[in-house]
Amino acid sequence: MQFRSLSVCSSDPSVYAVQIPQCMQFRSIVLTTNEGFVENIIKPAKTSMGRLDGKVVVLSAAAQGIGRATAILAAKEGARVIATDVNGELLKELDSVAGIETQVLDVLNKEAVENFAKSIDKIDVLFNCAGFVHHGTLLDCDEKAWDFSFNLNVKSVYTMCKNFVPKFIAQGTGGSVINMASVVSSIKGAPNRFVYGATKAAVIGLTKSLAVDYVQYKIRFNNVCPGTVDTPSLRDRMAAQDDPEQALKDFIARQKLGRLASADEIASLVIYLASDESNFVTGQEFIIDGGWSI
Ligand SMILES: NC(=O)c1ccc[n+]([C@@H]2O[C@H](COP(=O)([O-])OP(=O)(O)OC[C@H]3O[C@@H](n4cnc5c(N)ncnc54)[C@H](O)[C@@H]3O)[C@@H](O)[C@H]2O)c1
């Protein structure tokens, strides 16, 4: 049994001999007299361990959606979170969250990534979350769209890993890198996701290669592969359709569980991969898609 506090009230401040059954644990025991507060005889102590206590988590695309949910959950689990995004205005909202520091970072800017990596003293977890969903088939995808998608969804993961993997190696304490893929990738095709599917398949291949090359340093690399997640950009994609209500129904229908995922549900999987609970897991793609791919 766990109680938050026990207040002992007595007119006699010498009443210290309170019988407390052994099965009861308190975070504080406050002895009070008629005159008021006397003493908290238990020093406030952290009773529950966070799953990421002591870890430094760095992530991209933290201003909204899955990145934002992950930043908040990681901080709640005890991590020191360095949350980055290209959108400084939106990112500011995280400044008030205990455990989160924010930093504007455009993952397409090689120099900015290099300087950012240099500014980080310690890192235990890197979550490469930034990505863009291009809508269309091969015939809708010109070279500019192809290059933009590959630059943001794949090359940025390369740039981040290129700058942070040497830090993990130098630290010599292993680490966890989580790369955002999608079930729309090498796992599954979806209509109008031509270049998107190609980029996310590339992320899975890249992650497996890194996992093999750096397993000796105990640096783990894994992919998260969500189905359809209710995030601001998904809402934008729906709003861009001729019939947004039908678009929502169609997005929901893809998941056999009959709903969209929440960003928090994806964040929970990222926390598992970030934590020591997954210390024996590397080089894998984790499908979290409400049964879309079964
Ligand atoms: N939402 C889904 O249904 C879904 C499904 C599978 C995978 N994903 C992937 O999850 C990731 C996050 O998507 P989401 O829907 O949660 O978020 P989102 O698309 O709503 O937000 C993306 C965030 O990325 C930031 N960003 C964009 N360009 C950037 C850049 N150059 N540098 C740094 N940050 C940049 C944006 O400012 C924004 O805050 C993406 O990689 C996406 O492909 C999403």
# chains A, B, ... in the order shown; residues from 1 in each chain; ligands from 1
$ residues_near_ligand --ligand "ligand 1" --cutoff "7 Å" --atoms "only C-alpha atoms and all ligand atoms" --output "PyMOL selection string"
chain A and resi 60-67+84-87+105-108+129-133+152-153+180-183+225-234+263
$ write_last_selection --atoms "N, CA and C atoms" --output "short mmCIF file (atom, residue, chain, number, x, y, z; two decimals), in the first residue's frame"
data_model
loop_
_atom_site.label_atom_id
_atom_site.label_comp_id
_atom_site.auth_asym_id
_atom_site.auth_seq_id
_atom_site.Cartn_x
_atom_site.Cartn_y
_atom_site.Cartn_z
N SER A 60 14.38 15.17 -33.37
CA SER A 60 13.99 16.17 -34.38
C SER A 60 12.48 16.16 -34.52
N ALA A 61 11.95 17.20 -35.17
CA ALA A 61 10.51 17.31 -35.44
C ALA A 61 9.68 17.24 -34.16
N ALA A 62 10.15 17.95 -33.14
CA ALA A 62 9.52 17.84 -31.82
C ALA A 62 8.38 18.85 -31.60
N ALA A 63 8.16 19.73 -32.57
CA ALA A 63 7.19 20.80 -32.32
C ALA A 63 5.74 20.34 -32.39
N GLN A 64 5.49 19.26 -33.11
CA GLN A 64 4.10 18.77 -33.19
C GLN A 64 4.08 17.28 -33.49
N GLY A 65 2.89 16.70 -33.39
CA GLY A 65 2.71 15.30 -33.77
C GLY A 65 3.49 14.33 -32.89
N ILE A 66 4.02 13.30 -33.53
CA ILE A 66 4.68 12.20 -32.81
C ILE A 66 5.92 12.71 -32.05
N GLY A 67 6.67 13.62 -32.67
CA GLY A 67 7.87 14.16 -32.03
C GLY A 67 7.53 14.87 -30.74
N THR A 84 14.19 19.45 -30.82
CA THR A 84 14.51 20.36 -31.92
C THR A 84 13.42 20.33 -32.98
N ASP A 85 13.34 21.41 -33.72
CA ASP A 85 12.41 21.50 -34.85
C ASP A 85 12.80 22.73 -35.66
N VAL A 86 12.40 22.74 -36.92
CA VAL A 86 12.67 23.92 -37.76
C VAL A 86 11.70 25.05 -37.41
N ASN A 87 10.57 24.70 -36.84
CA ASN A 87 9.53 25.68 -36.50
C ASN A 87 9.70 26.18 -35.06
N LEU A 105 16.31 23.70 -35.10
CA LEU A 105 17.24 22.96 -35.97
C LEU A 105 16.53 22.53 -37.24
N ASP A 106 17.12 22.92 -38.37
CA ASP A 106 16.64 22.45 -39.67
C ASP A 106 17.51 21.26 -40.05
N VAL A 107 16.92 20.09 -40.06
CA VAL A 107 17.73 18.88 -40.31
C VAL A 107 18.21 18.79 -41.77
N LEU A 108 17.71 19.70 -42.62
CA LEU A 108 18.19 19.76 -44.01
C LEU A 108 19.47 20.57 -44.13
N CYS A 129 12.97 11.96 -36.23
CA CYS A 129 11.52 11.89 -36.46
C CYS A 129 11.07 12.69 -37.69
N ALA A 130 11.88 13.66 -38.11
CA ALA A 130 11.42 14.56 -39.18
C ALA A 130 11.11 13.81 -40.47
N GLY A 131 10.03 14.22 -41.11
CA GLY A 131 9.66 13.59 -42.38
C GLY A 131 8.51 14.33 -43.03
N PHE A 132 8.30 14.02 -44.31
CA PHE A 132 7.25 14.70 -45.08
C PHE A 132 6.53 13.67 -45.93
N VAL A 133 5.20 13.82 -46.01
CA VAL A 133 4.39 12.90 -46.81
C VAL A 133 4.02 13.58 -48.13
N LEU A 152 14.66 15.16 -46.94
CA LEU A 152 14.11 15.29 -45.58
C LEU A 152 13.95 13.92 -44.90
N ASN A 153 13.44 12.96 -45.62
CA ASN A 153 13.11 11.68 -44.97
C ASN A 153 14.31 10.75 -44.80
N MET A 180 12.47 7.18 -37.71
CA MET A 180 11.06 7.14 -38.07
C MET A 180 10.89 6.64 -39.50
N ALA A 181 10.32 5.46 -39.64
CA ALA A 181 9.97 4.95 -40.97
C ALA A 181 8.44 5.02 -41.08
N SER A 182 7.83 4.01 -41.62
CA SER A 182 6.37 3.95 -41.75
C SER A 182 6.05 2.53 -42.18
N VAL A 183 4.80 2.12 -41.96
CA VAL A 183 4.42 0.82 -42.51
C VAL A 183 4.36 0.93 -44.03
N CYS A 225 7.47 2.03 -37.33
CA CYS A 225 6.72 1.99 -38.59
C CYS A 225 5.22 2.12 -38.31
N PRO A 226 4.75 3.36 -38.15
CA PRO A 226 3.32 3.54 -37.83
C PRO A 226 2.42 3.39 -39.05
N GLY A 227 1.14 3.09 -38.74
CA GLY A 227 0.07 3.23 -39.73
C GLY A 227 -0.35 4.69 -39.72
N THR A 228 -1.65 4.96 -39.74
CA THR A 228 -2.11 6.35 -39.83
C THR A 228 -2.28 6.95 -38.44
N VAL A 229 -1.58 8.04 -38.21
CA VAL A 229 -1.53 8.66 -36.89
C VAL A 229 -2.19 10.03 -36.95
N ASP A 230 -3.02 10.31 -35.96
CA ASP A 230 -3.73 11.59 -35.92
C ASP A 230 -2.79 12.71 -35.48
N THR A 231 -2.22 13.39 -36.46
CA THR A 231 -1.27 14.48 -36.18
C THR A 231 -1.68 15.69 -37.02
N PRO A 232 -1.14 16.87 -36.71
CA PRO A 232 -1.50 18.06 -37.49
C PRO A 232 -1.29 17.89 -39.00
N SER A 233 -0.20 17.23 -39.38
CA SER A 233 0.03 17.11 -40.83
C SER A 233 -0.99 16.17 -41.48
N LEU A 234 -1.45 15.16 -40.74
CA LEU A 234 -2.50 14.29 -41.30
C LEU A 234 -3.77 15.11 -41.50
N ALA A 263 -0.79 10.13 -31.37
CA ALA A 263 0.67 10.36 -31.32
C ALA A 263 1.26 9.75 -30.04
#
$ residues_around --residues "range 161-169 of chain A" --least-positions-apart "3" --cutoff "8 Å" --atoms "only C-alpha atoms" --output "CSV table (one decimal) with N, CA and C atoms, in the first residue's frame"
chain,number,residue,atom,x,y,z
A,113,VAL,N,23.3,21.1,-38.5
A,113,VAL,CA,23.4,19.8,-37.7
A,113,VAL,C,24.7,19.6,-37.1
A,114,GLU,N,25.8,19.9,-37.9
A,114,GLU,CA,27.2,19.8,-37.4
A,114,GLU,C,27.4,20.6,-36.1
A,117,ALA,N,25.3,19.2,-33.2
A,117,ALA,CA,26.0,18.0,-32.6
A,117,ALA,C,27.2,18.4,-31.7
A,122,LYS,N,26.5,15.2,-24.1
A,122,LYS,CA,26.2,13.8,-23.8
A,122,LYS,C,24.9,13.4,-24.5
A,123,ILE,N,24.9,12.2,-25.1
A,123,ILE,CA,23.6,11.7,-25.7
A,123,ILE,C,23.5,10.2,-25.5
A,124,ASP,N,22.3,9.8,-25.1
A,124,ASP,CA,22.0,8.4,-24.9
A,124,ASP,C,21.0,7.9,-26.0
A,157,VAL,N,18.5,11.8,-41.9
A,157,VAL,CA,18.8,10.7,-41.0
A,157,VAL,C,20.3,10.4,-41.1
A,158,TYR,N,20.8,10.4,-42.4
A,158,TYR,CA,22.2,10.2,-42.6
A,158,TYR,C,23.0,11.3,-41.9
A,172,GLY,N,31.4,5.7,-25.4
A,172,GLY,CA,31.7,4.3,-25.0
A,172,GLY,C,30.6,3.6,-24.1
A,173,THR,N,29.4,4.2,-24.1
A,173,THR,CA,28.4,3.7,-23.2
A,173,THR,C,27.2,3.2,-24.1
A,174,GLY,N,27.4,2.9,-25.3
A,174,GLY,CA,26.3,2.4,-26.2
A,174,GLY,C,25.3,3.5,-26.4
A,175,GLY,N,24.1,3.1,-26.8
A,175,GLY,CA,23.0,4.1,-27.0
A,175,GLY,C,21.9,3.6,-27.9
A,217,TYR,N,29.7,-1.6,-30.7
A,217,TYR,CA,29.7,-0.5,-29.8
A,217,TYR,C,28.5,-0.4,-28.9
A,219,ILE,N,25.6,0.3,-29.8
A,219,ILE,CA,24.7,1.3,-30.2
A,219,ILE,C,23.6,0.6,-31.0
$ select_by_dssp --residues "range 86-263 of chain A" --states "alpha helix (DSSP H)" --output "MDAnalysis selection string"
chainID A and resid 88:91 110:119 143:150 156:171 194:214 232:239 244:254 263
$ closest_atom_pairs --of "range 158-235 of chain A" --to "range 281-291 of chain A" --cutoff "6 Å" --atoms "only C-alpha atoms" --output "CSV"
residue,atom,partner,partner_atom,distance
A:Lys208,CA,A:Gly283,CA,4.8
A:Ala211,CA,A:Gly283,CA,5.0
A:Arg220,CA,A:Thr282,CA,4.9
A:Phe221,CA,A:Thr282,CA,5.4
A:Asn222,CA,A:Gln284,CA,5.1
A:Asn223,CA,A:Glu285,CA,4.5
A:Val224,CA,A:Phe286,CA,4.9
A:Cys225,CA,A:Ile287,CA,4.6
A:Pro226,CA,A:Ile288,CA,4.7
A:Gly227,CA,A:Asp289,CA,3.8
$ closest_residue --among "A:Lys188, A:Val212, A:Ala274, A:Lys249" --to "Ile294 in chain A" --atoms "only C-alpha atoms"
A:Lys188
$ closest_residue --among "A:Arg68, A:Arg259, A:Arg80, A:Lys118" --to "Leu94 in chain A" --atoms "only C-alpha atoms"
A:Arg68
$ residues_around --residues "Ala83 in chain A" --least-positions-apart "3" --cutoff "7 Å" --atoms "only C-alpha atoms" --output "JSON, numbers by chain"
{"A": [58, 59, 60, 62, 71, 100, 101, 102, 103]}
